[in-house]
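**Student:** File entry34.txt below, compact mmCIF, C-alpha atoms:
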# COMPACT_ATOMS: atom_id res chain seq x y z
CA MET A 1 -28.49 42.39 -9.69
CA ALA A 2 -24.75 41.93 -9.70
CA ALA A 3 -24.43 44.65 -7.09
CA GLU A 4 -26.86 42.85 -4.81
CA LEU A 5 -25.19 39.49 -5.34
CA ARG A 6 -21.79 40.99 -4.63
CA LEU A 7 -22.91 41.95 -1.15
CA SER A 8 -23.05 38.29 -0.12
CA LEU A 9 -20.65 36.70 -2.60
CA GLY A 10 -17.93 39.30 -2.71
CA ALA A 11 -15.02 38.27 -4.89
CA LYS A 12 -16.71 34.95 -5.62
CA LEU A 13 -19.07 36.71 -8.00
CA HIS A 14 -17.61 36.39 -11.46
CA GLU A 15 -18.64 39.00 -13.98
CA THR A 16 -18.39 39.37 -17.74
CA PRO A 17 -19.69 42.37 -19.69
CA THR A 18 -23.08 40.71 -20.07
CA THR A 19 -23.41 38.28 -17.17
CA ALA A 20 -22.93 37.72 -13.49
CA GLN A 21 -21.83 34.20 -12.64
CA ILE A 22 -20.94 31.89 -9.82
CA LEU A 23 -18.25 29.57 -11.09
CA ALA A 24 -19.08 25.98 -10.31
CA ASP A 25 -15.81 25.43 -8.45
CA ASP A 26 -16.51 28.49 -6.29
CA LEU A 27 -20.07 27.32 -5.72
CA LEU A 28 -18.87 24.03 -4.30
CA GLU A 29 -16.31 25.77 -2.12
CA ILE A 30 -18.93 28.15 -0.73
CA ALA A 31 -21.29 25.26 -0.01
CA MET A 32 -18.56 23.25 1.67
CA LYS A 33 -17.67 26.19 3.88
CA ARG A 34 -21.28 26.83 4.86
CA GLY A 35 -21.86 23.15 5.50
CA GLY A 36 -18.68 22.65 7.46
CA VAL A 37 -17.48 20.12 4.89
CA THR A 38 -13.81 19.51 4.28
CA ARG A 39 -14.07 16.79 1.63
CA PRO A 40 -16.88 16.96 -0.92
CA THR A 41 -18.50 13.80 -2.21
CA CYS A 42 -19.76 15.45 -5.36
CA VAL A 43 -18.25 17.30 -8.28
CA PRO A 44 -18.88 21.00 -8.98
CA TYR A 45 -21.37 20.14 -11.75
CA GLU A 46 -23.49 18.16 -9.31
CA ALA A 47 -23.31 20.97 -6.77
CA ALA A 48 -24.46 23.39 -9.47
CA ALA A 49 -27.34 21.10 -10.39
CA ALA A 50 -28.34 20.87 -6.74
CA PHE A 51 -28.12 24.64 -6.36
CA CYS A 52 -30.44 25.16 -9.33
CA MET A 53 -32.84 22.48 -8.14
CA LEU A 54 -33.03 24.08 -4.70
CA LEU A 55 -33.58 27.50 -6.25
CA LEU A 56 -36.47 26.04 -8.24
CA GLN A 57 -37.87 24.04 -5.36
CA HIS A 58 -37.81 26.74 -2.69
CA HIS A 59 -38.12 29.93 -4.72
CA GLY A 60 -39.70 28.93 -8.03
CA VAL A 61 -36.74 30.23 -10.02
CA LEU A 62 -35.91 28.41 -13.25
CA THR A 63 -32.33 28.87 -14.39
CA VAL A 64 -30.60 28.17 -17.67
CA HIS A 65 -28.95 25.10 -16.13
CA PHE A 66 -32.05 23.12 -17.05
CA VAL A 67 -32.07 24.18 -20.68
CA GLY A 68 -28.96 22.51 -22.05
CA MET A 69 -28.81 18.74 -22.38
CA PRO A 70 -26.17 18.66 -21.11
CA PRO A 71 -25.54 22.23 -19.96
CA GLY A 72 -22.86 24.05 -21.87
CA THR A 73 -21.22 25.06 -18.62
CA ALA A 74 -21.48 24.06 -14.98
CA ASN A 75 -21.23 27.69 -13.89
CA ILE A 76 -24.34 29.43 -12.58
CA LEU A 77 -25.28 32.15 -15.07
CA PHE A 78 -27.40 35.21 -14.32
CA LYS A 79 -28.05 36.94 -17.62
CA PHE A 80 -30.59 38.86 -19.67
CA ILE A 81 -33.21 38.69 -16.97
CA PRO A 82 -36.36 40.50 -18.12
CA PRO A 83 -37.00 43.48 -15.84
CA GLU A 84 -40.64 42.53 -15.48
CA THR A 85 -39.69 39.02 -14.36
CA LEU A 86 -37.29 40.38 -11.76
CA GLN A 87 -39.90 42.83 -10.58
CA LYS A 88 -42.52 40.10 -10.32
CA PHE A 89 -40.11 38.03 -8.27
CA GLY A 90 -39.59 40.87 -5.85
CA GLY A 91 -36.52 42.66 -7.10
CA ALA A 92 -32.78 42.21 -7.13
CA ALA A 93 -32.36 42.31 -3.38
CA ARG A 94 -34.90 39.56 -2.88
CA PHE A 95 -33.26 37.48 -5.57
CA ALA A 96 -29.84 37.88 -3.97
CA LYS A 97 -31.37 36.80 -0.69
CA ALA A 98 -32.81 33.71 -2.36
CA VAL A 99 -29.40 32.84 -3.79
CA ASP A 100 -27.81 33.24 -0.38
CA ASP A 101 -30.49 31.06 1.19
CA VAL A 102 -29.91 28.30 -1.35
CA LEU A 103 -26.14 28.41 -0.91
CA THR A 104 -26.66 27.70 2.78
CA ARG A 105 -29.07 24.85 2.03
CA LEU A 106 -26.59 23.44 -0.46
CA GLY A 107 -24.10 22.98 2.35
CA GLU A 108 -26.30 20.17 3.68
CA TYR A 109 -26.06 18.22 0.45
CA VAL A 110 -22.46 18.30 -0.65
CA SER A 111 -21.31 15.68 1.80
CA GLU A 112 -24.26 13.30 1.55
CA PRO A 113 -24.55 11.57 -1.83
CA ALA A 114 -27.86 9.88 -0.98
CA LYS A 115 -29.47 13.17 -0.04
CA LEU A 116 -28.06 14.84 -3.16
CA SER A 117 -29.37 12.06 -5.36
CA ALA A 118 -32.82 12.34 -3.82
CA LEU A 119 -32.84 16.07 -4.44
CA LEU A 120 -31.81 15.74 -8.07
CA PHE A 121 -34.03 12.81 -9.00
CA GLY A 122 -36.91 13.23 -6.61
CA GLU A 123 -36.49 9.88 -4.95
CA ALA A 124 -38.01 9.28 -1.56
CA MET B 1 -8.66 17.27 -21.21
CA GLY B 2 -8.92 19.78 -18.34
CA THR B 3 -9.53 19.32 -14.65
CA ASP B 4 -11.49 21.32 -12.13
CA ARG B 5 -10.13 22.85 -8.95
CA PHE B 6 -10.78 19.61 -7.09
CA GLY B 7 -8.76 17.53 -9.50
CA ASN B 8 -11.69 15.95 -11.33
CA SER B 9 -11.06 15.37 -15.03
CA PHE B 10 -13.51 16.93 -17.46
CA ALA B 11 -15.88 14.61 -19.26
CA PRO B 12 -15.37 14.16 -23.03
CA SER B 13 -16.72 17.15 -24.97
CA LEU B 14 -17.67 18.93 -21.75
CA PRO B 15 -15.93 21.73 -19.82
CA TYR B 16 -16.65 20.10 -16.47
CA ALA B 17 -16.36 16.76 -14.74
CA ARG B 18 -19.22 14.37 -14.33
CA GLY B 19 -19.68 12.69 -10.98
CA THR B 20 -21.19 9.48 -9.75
CA ILE B 21 -24.67 10.95 -9.45
CA LEU B 22 -24.92 12.86 -12.73
CA ALA B 23 -22.75 10.41 -14.58
CA SER B 24 -24.36 10.57 -18.01
CA THR B 25 -26.88 12.32 -20.24
CA ALA B 26 -29.44 9.78 -19.05
CA ASP B 27 -28.98 11.17 -15.54
CA ASP B 28 -29.37 14.68 -16.92
CA TYR B 29 -32.75 13.66 -18.31
CA ARG B 30 -33.80 12.27 -14.95
CA LYS B 31 -32.74 15.56 -13.36
CA LEU B 32 -34.80 17.45 -15.90
CA GLU B 33 -37.84 15.30 -15.15
CA ARG B 34 -37.48 16.23 -11.49
CA ALA B 35 -37.35 19.91 -12.43
CA TYR B 36 -40.49 19.46 -14.53
CA ALA B 37 -42.24 17.91 -11.53
CA LEU B 38 -41.33 20.93 -9.43
CA ILE B 39 -42.63 23.27 -12.13
CA ARG B 40 -45.91 21.37 -12.16
CA GLN B 41 -46.09 21.63 -8.37
CA HIS B 42 -45.53 25.38 -8.46
CA GLY B 43 -47.80 25.97 -11.45
CA ALA B 44 -46.74 28.02 -14.46
CA GLU B 45 -47.91 31.28 -12.91
CA HIS B 46 -45.57 30.82 -9.95
CA VAL B 47 -42.38 29.92 -11.80
CA PHE B 48 -39.98 32.75 -12.58
CA VAL B 49 -38.07 32.15 -15.78
CA PHE B 50 -34.57 33.42 -15.14
CA THR B 51 -32.95 31.50 -17.99
CA GLY B 52 -32.21 34.70 -19.87
CA LEU B 53 -33.55 33.04 -23.01
CA GLU B 54 -36.57 33.98 -25.08
CA HIS B 55 -38.17 30.62 -25.57
CA ALA B 56 -41.80 31.61 -25.37
CA LEU B 57 -44.25 32.17 -28.20
CA PRO B 58 -46.49 35.09 -27.33
CA MET B 59 -48.96 34.75 -30.17
CA GLU B 60 -52.11 36.80 -30.36
CA PRO B 61 -55.36 35.31 -31.65
CA GLU B 62 -55.04 37.22 -34.92
CA ASP B 63 -51.66 35.51 -35.54
CA LEU B 64 -53.04 32.01 -35.47
CA LYS B 65 -54.33 32.05 -39.00
CA PHE B 66 -50.73 32.41 -40.21
CA ALA B 67 -49.47 29.39 -38.28
CA ASP B 68 -49.98 27.05 -41.18
CA ASP B 69 -47.35 25.07 -43.07
CA GLU B 70 -48.68 26.10 -46.44
CA LEU B 71 -49.94 29.62 -45.85
CA ALA B 72 -47.05 31.01 -43.83
CA PRO B 73 -44.33 30.42 -46.44
CA ALA B 74 -46.58 31.70 -49.19
CA LEU B 75 -47.42 34.88 -47.33
CA TRP B 76 -44.15 35.64 -45.57
CA GLY B 77 -41.43 33.56 -47.21
CA ASP B 78 -40.05 36.16 -49.54
CA ARG B 79 -39.98 38.83 -46.87
CA LEU B 80 -38.32 36.41 -44.46
CA ARG B 81 -35.64 35.64 -46.99
CA THR B 82 -35.02 39.26 -47.84
CA LEU B 83 -34.76 40.41 -44.26
CA ALA B 84 -32.76 37.42 -43.08
CA LEU B 85 -30.22 37.83 -45.85
CA GLY B 86 -30.04 41.51 -45.09
CA HIS B 87 -29.43 40.74 -41.44
CA LEU B 88 -26.71 38.22 -42.22
CA GLY B 89 -25.05 40.12 -45.03
CA GLY B 90 -26.01 37.75 -47.82
CA SER B 91 -27.43 38.27 -51.29
CA PRO B 92 -30.30 36.44 -52.95
CA GLU B 93 -28.19 35.66 -56.00
CA ARG B 94 -25.81 33.54 -53.93
CA HIS B 95 -27.49 32.72 -50.66
CA ASP B 96 -30.62 31.33 -49.18
CA VAL B 97 -32.14 31.05 -45.75
CA VAL B 98 -32.90 27.97 -43.75
CA VAL B 99 -34.94 28.07 -40.61
CA THR B 100 -34.46 25.45 -37.95
CA ASN B 101 -36.12 24.76 -34.69
CA ARG B 102 -33.10 25.43 -32.50
CA LEU B 103 -29.47 26.04 -33.09
CA THR B 104 -28.47 22.56 -32.08
CA GLY B 105 -30.55 21.23 -34.94
CA ALA B 106 -28.96 23.76 -37.26
CA THR B 107 -25.49 22.76 -36.10
CA LEU B 108 -26.14 19.08 -36.60
CA ALA B 109 -27.76 19.62 -39.98
CA THR B 110 -24.82 21.71 -41.11
CA PHE B 111 -22.29 19.14 -39.98
CA LEU B 112 -24.23 16.33 -41.61
CA THR B 113 -24.20 18.27 -44.85
CA LEU B 114 -20.64 19.53 -44.87
CA VAL B 115 -18.56 17.08 -42.85
CA LYS B 116 -17.52 13.53 -43.72
CA PRO B 117 -16.00 10.90 -41.45
CA GLY B 118 -12.32 11.57 -41.04
CA ASP B 119 -12.59 15.28 -41.78
CA THR B 120 -11.02 17.83 -39.48
CA VAL B 121 -13.09 20.53 -37.86
CA ILE B 122 -11.47 23.35 -35.93
CA GLY B 123 -13.57 25.05 -33.29
CA VAL B 124 -12.72 28.58 -32.16
CA SER B 125 -14.24 30.80 -29.53
CA ALA B 126 -13.12 32.96 -26.64
CA SER B 127 -13.10 29.92 -24.32
CA PHE B 128 -14.57 26.69 -25.69
CA SER B 129 -17.07 25.53 -28.25
CA HIS B 130 -20.50 24.52 -27.05
CA PRO B 131 -20.94 20.79 -26.42
CA SER B 132 -23.49 20.63 -29.22
CA VAL B 133 -20.79 21.64 -31.69
CA GLN B 134 -18.39 19.06 -30.34
CA ARG B 135 -21.04 16.38 -30.36
CA ALA B 136 -22.03 17.21 -33.92
CA ALA B 137 -18.42 16.69 -34.92
CA ALA B 138 -18.31 13.38 -33.08
CA HIS B 139 -21.57 12.27 -34.63
CA THR B 140 -20.27 12.90 -38.12
CA GLY B 141 -17.02 11.09 -37.41
CA ALA B 142 -14.86 14.17 -37.67
CA ARG B 143 -11.76 14.99 -35.69
CA PHE B 144 -12.49 18.07 -33.63
CA VAL B 145 -9.78 20.47 -32.54
CA ASP B 146 -11.02 23.14 -30.16
CA THR B 147 -9.16 26.41 -29.77
CA ALA B 148 -9.56 29.54 -27.68
CA GLY B 149 -8.76 32.87 -29.28
CA LEU B 150 -7.04 33.93 -32.47
CA ASP B 151 -3.51 32.89 -31.53
CA GLN B 152 -4.44 29.36 -30.58
CA PHE B 153 -6.61 29.05 -33.67
CA THR B 154 -3.80 30.23 -35.91
CA ARG B 155 -1.40 27.69 -34.46
CA ALA B 156 -3.92 24.89 -34.83
CA LEU B 157 -4.72 25.89 -38.40
CA GLU B 158 -1.06 25.86 -39.34
CA GLY B 159 -0.83 22.30 -38.15
CA GLU B 160 -3.66 21.06 -40.33
CA THR B 161 -3.33 20.08 -43.98
CA ARG B 162 -6.84 20.83 -45.04
CA PRO B 163 -9.50 21.46 -42.42
CA THR B 164 -12.97 20.98 -43.79
CA LEU B 165 -14.80 23.27 -41.47
CA VAL B 166 -14.10 25.99 -38.94
CA ALA B 167 -16.83 26.30 -36.32
CA LEU B 168 -16.64 29.85 -34.98
CA THR B 169 -18.54 30.88 -31.87
CA ARG B 170 -18.69 34.60 -31.39
CA LEU B 171 -20.05 34.61 -27.82
CA ALA B 172 -18.94 31.53 -25.94
CA VAL B 173 -21.10 29.80 -23.39
CA THR B 174 -18.94 31.48 -20.75
CA TYR B 175 -20.21 34.75 -22.20
CA GLU B 176 -16.80 35.86 -23.33
CA LEU B 177 -16.79 37.53 -26.72
CA LEU B 178 -14.43 37.09 -29.63
CA PRO B 179 -13.41 40.57 -30.77
CA ALA B 180 -14.73 41.62 -34.18
CA ASP B 181 -11.26 41.95 -35.67
CA ALA B 182 -10.40 38.44 -34.49
CA VAL B 183 -13.57 37.13 -36.12
CA SER B 184 -12.66 38.74 -39.43
CA THR B 185 -9.11 37.43 -39.26
CA ILE B 186 -10.24 33.92 -38.40
CA VAL B 187 -12.67 33.89 -41.31
CA LYS B 188 -9.99 35.07 -43.72
CA LEU B 189 -7.44 32.55 -42.47
CA ALA B 190 -9.97 29.75 -42.74
CA HIS B 191 -10.95 30.71 -46.26
CA ASP B 192 -7.34 31.03 -47.32
CA ARG B 193 -6.93 27.37 -46.31
CA GLY B 194 -10.01 26.33 -48.21
CA ALA B 195 -12.17 25.71 -45.16
CA THR B 196 -15.81 26.61 -44.85
CA VAL B 197 -16.76 28.68 -41.84
CA TYR B 198 -19.76 27.76 -39.76
CA VAL B 199 -20.79 30.50 -37.35
CA ASP B 200 -22.53 29.57 -34.14
CA ASP B 201 -23.98 32.89 -33.07
CA ALA B 202 -26.36 31.45 -30.50
CA GLY B 203 -25.37 34.11 -28.01
CA GLY B 204 -23.55 36.73 -30.03
CA ALA B 205 -26.41 38.46 -31.76
CA ARG B 206 -28.02 39.22 -28.43
CA VAL B 207 -25.20 41.52 -27.50
CA ILE B 208 -23.98 42.97 -30.78
CA SER B 209 -25.20 43.33 -34.35
CA ALA B 210 -24.55 40.31 -36.53
CA ALA B 211 -24.34 41.98 -39.93
CA PRO B 212 -20.83 43.43 -39.88
CA ALA B 213 -19.28 40.18 -38.74
CA TRP B 214 -21.05 38.09 -41.30
CA THR B 215 -20.64 40.24 -44.38
CA SER B 216 -17.25 38.82 -45.23
CA THR B 217 -18.34 35.25 -44.60
CA ALA B 218 -21.51 35.49 -46.63
CA ARG B 219 -19.89 37.23 -49.55
CA SER B 220 -17.29 34.55 -49.81
CA GLY B 221 -19.98 32.02 -50.51
CA ARG B 222 -18.31 29.61 -48.15
CA ALA B 223 -20.13 30.23 -44.97
CA SER B 224 -23.11 29.07 -43.09
CA GLY B 225 -24.12 31.31 -40.27
CA PHE B 226 -26.85 30.81 -37.77
CA SER B 227 -27.88 33.84 -35.83
CA PRO B 228 -29.96 33.70 -32.78
CA ALA B 229 -32.09 35.02 -34.16
CA ARG B 230 -32.06 31.33 -33.65
CA LYS B 231 -33.38 31.80 -30.21
CA SER B 232 -36.12 34.08 -31.42
CA TRP B 233 -36.51 33.20 -35.08
CA SER B 234 -36.02 29.55 -35.52
CA GLY B 235 -39.30 27.96 -34.71
CA ARG B 236 -40.25 30.79 -32.38
CA PHE B 237 -42.50 33.72 -32.93
CA ALA B 238 -43.09 37.18 -31.96
CA ARG B 239 -46.27 38.94 -32.36
CA ARG B 240 -46.66 40.24 -35.87
CA SER B 241 -45.89 43.90 -35.62
CA SER B 242 -46.34 46.52 -38.31
CA SER B 243 -48.78 49.12 -37.24
CA SER B 244 -49.70 47.44 -33.98
CA GLY B 245 -46.30 48.12 -32.49
CA SER B 246 -43.30 45.90 -32.27
CA ARG B 247 -42.50 43.43 -29.58
CA ARG B 248 -39.64 44.53 -27.43
CA VAL B 249 -36.41 42.93 -28.54
CA ARG B 250 -33.85 42.78 -25.81
CA CYS B 251 -30.74 42.74 -27.87
CA ALA B 252 -28.55 45.23 -29.60
CA THR B 253 -29.48 44.53 -33.21
CA PRO B 254 -30.21 47.03 -35.92
CA ARG B 255 -33.71 48.40 -35.77
CA SER B 256 -34.47 46.86 -39.12
CA CYS B 257 -33.64 43.49 -37.64
CA ALA B 258 -35.93 44.02 -34.69
CA ARG B 259 -38.78 44.99 -36.96
CA SER B 260 -38.02 42.19 -39.33
CA SER B 261 -38.04 39.66 -36.55
CA ALA B 262 -41.44 40.76 -35.43
CA THR B 263 -42.96 40.64 -38.86
CA THR B 264 -41.47 37.54 -40.35
CA ARG B 265 -41.42 34.98 -37.62
CA GLY B 266 -44.82 33.75 -38.56
CA ALA B 267 -43.27 31.85 -41.42
CA CYS B 268 -40.57 30.21 -39.39
CA ARG B 269 -42.25 27.39 -37.57
CA SER B 270 -44.05 26.05 -40.57
CA TRP B 271 -40.90 25.95 -42.60
CA SER B 272 -38.78 24.39 -39.96
CA ARG B 273 -41.19 21.55 -39.55
CA ARG B 274 -41.97 21.00 -43.18
CA ARG B 275 -38.68 21.09 -45.01
CA SER B 276 -35.15 22.30 -45.00
CA ARG B 277 -33.86 24.76 -47.52
CA TRP B 278 -30.13 24.69 -47.37
CA PRO B 279 -28.09 27.77 -48.16
CA ARG B 280 -26.88 27.76 -51.72
CA SER B 281 -23.36 28.13 -50.40
CA CYS B 282 -23.71 24.83 -48.58
CA GLY B 283 -25.05 23.15 -51.66
CA SER B 284 -22.14 24.26 -53.79
CA VAL B 285 -19.56 23.39 -51.16
CA SER B 286 -20.91 19.92 -50.77
CA GLY B 287 -20.71 19.39 -54.49
CA ARG B 288 -24.40 19.21 -55.11
CA SER B 289 -26.00 21.65 -57.49
CA SER B 290 -29.50 21.75 -56.11
CA THR B 291 -30.29 24.62 -53.82
CA ARG B 292 -32.94 22.75 -51.94
CA ARG B 293 -32.38 19.70 -49.85
CA ARG B 294 -34.65 17.28 -48.19
CA ARG B 295 -34.15 16.85 -44.51
CA PRO B 296 -31.37 14.32 -43.99
CA ARG B 297 -32.69 10.81 -43.56
CA ARG B 298 -30.42 10.00 -40.65
CA SER B 299 -32.15 9.93 -37.32
CA TRP B 300 -31.27 12.70 -34.96
CA PRO B 301 -29.24 11.63 -31.96
CA THR B 302 -31.33 11.93 -28.84
CA THR B 303 -28.44 13.56 -27.03
CA CYS B 304 -28.86 16.61 -29.23
CA SER B 305 -32.62 16.70 -29.32
CA ARG B 306 -33.01 18.79 -26.23
CA SER B 307 -29.94 20.89 -26.49
CA ARG B 308 -29.86 24.56 -27.30
In C-alpha cells, what does this structure look like?

**Tutor:**
Amino acid sequence: MAAELRLSLGAKLHETPTTAQILADDLLEIAMKRGGVTRPTCVPYEAAAAFCMLLLQHHGVLTVHFVGMPPGTANILFKFIPPETLQKFGGAARFAKAVDDVLTRLGEYVSEPAKLSALLFGEA
Amino acid sequence: MGTDRFGNSFAPSLPYARGTILASTADDYRKLERAYALIRQHGAEHVFVFTGLEHALPMEPEDLKFADDELAPALWGDRLRTLALGHLGGSPERHDVVVTNRLTGATLATFLTLVKPGDTVIGVSASFSHPSVQRAAAHTGARFVDTAGLDQFTRALEGETRPTLVALTRLAVTYELLPADAVSTIVKLAHDRGATVYVDDAGGARVISAAPAWTSTARSGRASGFSPARKSWSGRFARRSSSSGSRRVRCATPRSCARSSATTRGACRSWSRRRSRWPRSCGSVSGRSSTRRRRPRRSWPTTCSRSR
C-alpha cells in the first residue's frame, strides 16, 4: 500500500517499519496547495479529522482517527490492514486513489470554517 | 509545550494543537457521532475497517455458552492465568493477572492504585506517551514528566528525588519503537531508584514478542505490564481454538501466545466486567497485603471512557 500511496504523495508519505503515514502538518499543506489556499483557517488536527470524515463519507473507509478520544496523534496512520479488508475494498491501488480523491476534496474545506464545521458535525 | 509547523501551540497532554472547531473533547464526541451517522448510512456491510485494530468479537455459536460471568472464570481462569503469566514472564508465586476492557481502563486503574496526588511519574517512549497515560497522571494528581528515548529519560530520572512510577511505552503512537536494550536499561534504572515500572504495550506486542522485554520487570516484582494482548485479550474474544484450528493472529508473538489467546479469551470478558484482580506486585507496592482488590469506587472520567 505504501508503494501505491507514494505514487501520489511522494516524499510526503512518512514511513516507519510498521506504518505508512501522512503527517498532519503535511496533510494540511497538501490540502492548501490543492485548494489554492495560502492561509488556512484550521489547524492540522482539524484537517486530519476532515480528511478521515471525507474518506468515510465518500469511500466507506473507517480509520483509526475515530478510535481515540481524543486521538493519540493527528497524523493519518495506515497500519495493520487485514489483507481481506483491502481486497474487499478493491486493492491498494484503489485505496491510494481514494486517498488522493479525498485530499483534493479537502482543499475545499481548509479555508472555510463553516463548511468544515458542517462536515465534522453534520450540520445543515 | 510544542508547536506545529503553522505555529499553533499543542494542547495540554496532546501532541497537536486544537483549533476553534475541534476545541475540546466534547467536540471530539460530536465528531464521532457524525462518523457513527455515516456508518449507519453506509450500513455495516459497506464500511471498510482500516483502523488496523482488532476490535471485533468473532464468536461462534458454540462459544456462547462460555460467555458467562460465573462459568468462564471457573472453566478457563487457571489456564488464562498460566498462559498470561507465561506470556508476560511472570510466576504464579509472585504475580497475578488482571483483565481489563481496554488499555485505557488498565492504565487508569493502575495509576489509581499506585499513584498519589503529588507523586512524580516519568513517561518514556520513542516519541511521546499516549494521551491516556498523561490524563491518568493528571487525574491522580501526579506530576508527569514525559521523555523520549533513553538519554532523555536518564536525564529526567537524575533530576528526580523519588519518582513513584515510570510509564514505559514500547511502541509509541507514532509507531516508533523503543529498542529492547533501551527498555531493559530503563527498567533497571527505574528500579534502582525505587520506582515501579508500568508498561503500556498497547502497540508493542503486535510487532514483537512481549516476553523477553517483560521478564526482568516481572521478576523484580515491581512491575505492572499490560500487553495488547489488550487489544485482543482484554474484553475481546477469539474463537476458541484447540482442534478446530486457531484464529489467525496478525502479530509476531510466540506461537504459544497465539494459541493461548485463542483458547483463553473466553474468560476475559466476564472477569473484566465482574471484578478486578490486581497483580500481587501492585498489592505489595501499594502497601496492601491482599492480592485481590475490588474495583476502585471512584467514578471513571468520561474523557477516558472511550479511549484506547

**Student:** Can you find the residues with an atom no farther than 8 Å from (-24.5, 27.7, 7.1), counting all atoms listed in the file, and report them as a list in words?

**Tutor:**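 In the file's frame, the residues around the point are Lys33, Arg34, Gly35, Gly36, Thr104, Arg105 and Gly107 of chain A.
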
**Student:** Taking C-alpha atoms for each residue, export the selection above as a short mmCIF file (atom, residue, chain, number, x, y, z; two decimals), in the coordinates of the input.

**Tutor:**
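Ended up saving to again-v5.cif:
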data_model
loop_
_atom_site.label_atom_id
_atom_site.label_comp_id
_atom_site.auth_asym_id
_atom_site.auth_seq_id
_atom_site.Cartn_x
_atom_site.Cartn_y
_atom_site.Cartn_z
CA LYS A 33 -17.67 26.19 3.88
CA ARG A 34 -21.28 26.83 4.86
CA GLY A 35 -21.86 23.15 5.50
CA GLY A 36 -18.68 22.65 7.46
CA THR A 104 -26.66 27.70 2.78
CA ARG A 105 -29.07 24.85 2.03
CA GLY A 107 -24.10 22.98 2.35
#

**Student:** Could you give me, as a tab-separated table, every segment 43-68 of chain B residue with an atom at most 7 Å from segment 47-66 of chain A, plus its closest atom pair and distance in Å to one decimal, counting all atoms listed in the file, rows ordered by chain then number?

**Tutor:**
residue	atom	partner	partner_atom	distance
B:His46	CA	A:Gly60	CA	6.5
B:Val47	CA	A:Gly60	CA	4.7
B:Phe48	CA	A:Val61	CA	4.8
B:Val49	CA	A:Leu62	CA	5.0
B:Phe50	CA	A:Thr63	CA	5.1
B:Thr51	CA	A:Val64	CA	4.1

**Student:** Give me, as an MDAnalysis selection string, the residues of chain A touching chain B, with the criterion being at most 9 Å (counting all atoms listed in the file).

**Tutor:** chainID A and resid 16:19 24:26 41:46 49 53 56:57 59:75 77:82 85:86 88:89 113 116:117 119:122

**Student:** When you draw a straight line from atom CA of Glu112 of chain A to atom CA of Pro40 of chain A, how long is it in Å?

**Tutor:** 8.6 Å

**Student:** May I ask for the distance between atom CA of Gly204 of chain B and atom CA of Pro179 of chain B, given in Å to one decimal place?

**Tutor:**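 Between these atoms lies a distance of 10.9 Å.
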
**Student:** As JSON, please report the centre and edge lengths, rounded to one decimal in Å, of the axis-aligned box that holds all listed atoms of segment 101-115 of chain A with 5 Å of padding on each of the six sides.

**Tutor:**
{"center_x": -25.9, "center_y": 20.5, "center_z": 0.9, "size_x": 19.2, "size_y": 31.2, "size_z": 15.5}

**Student:** At what distance in Å, to one decimal, does atom CA of Thr164 of chain B lie from atom CA of Pro117 of chain B?

**Tutor:**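 Atom CA of Thr164 of chain B lies 10.8 Å from atom CA of Pro117 of chain B.
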
**Student:** Could you check the closest approach to Ile76 of chain A for each of A:Lys97, A:Arg39, A:Lys115, A:His14 and tell me which residue wins, using only C-alpha atoms?

**Tutor:**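 Closest to Ile76 of chain A, using only C-alpha atoms: A:His14.
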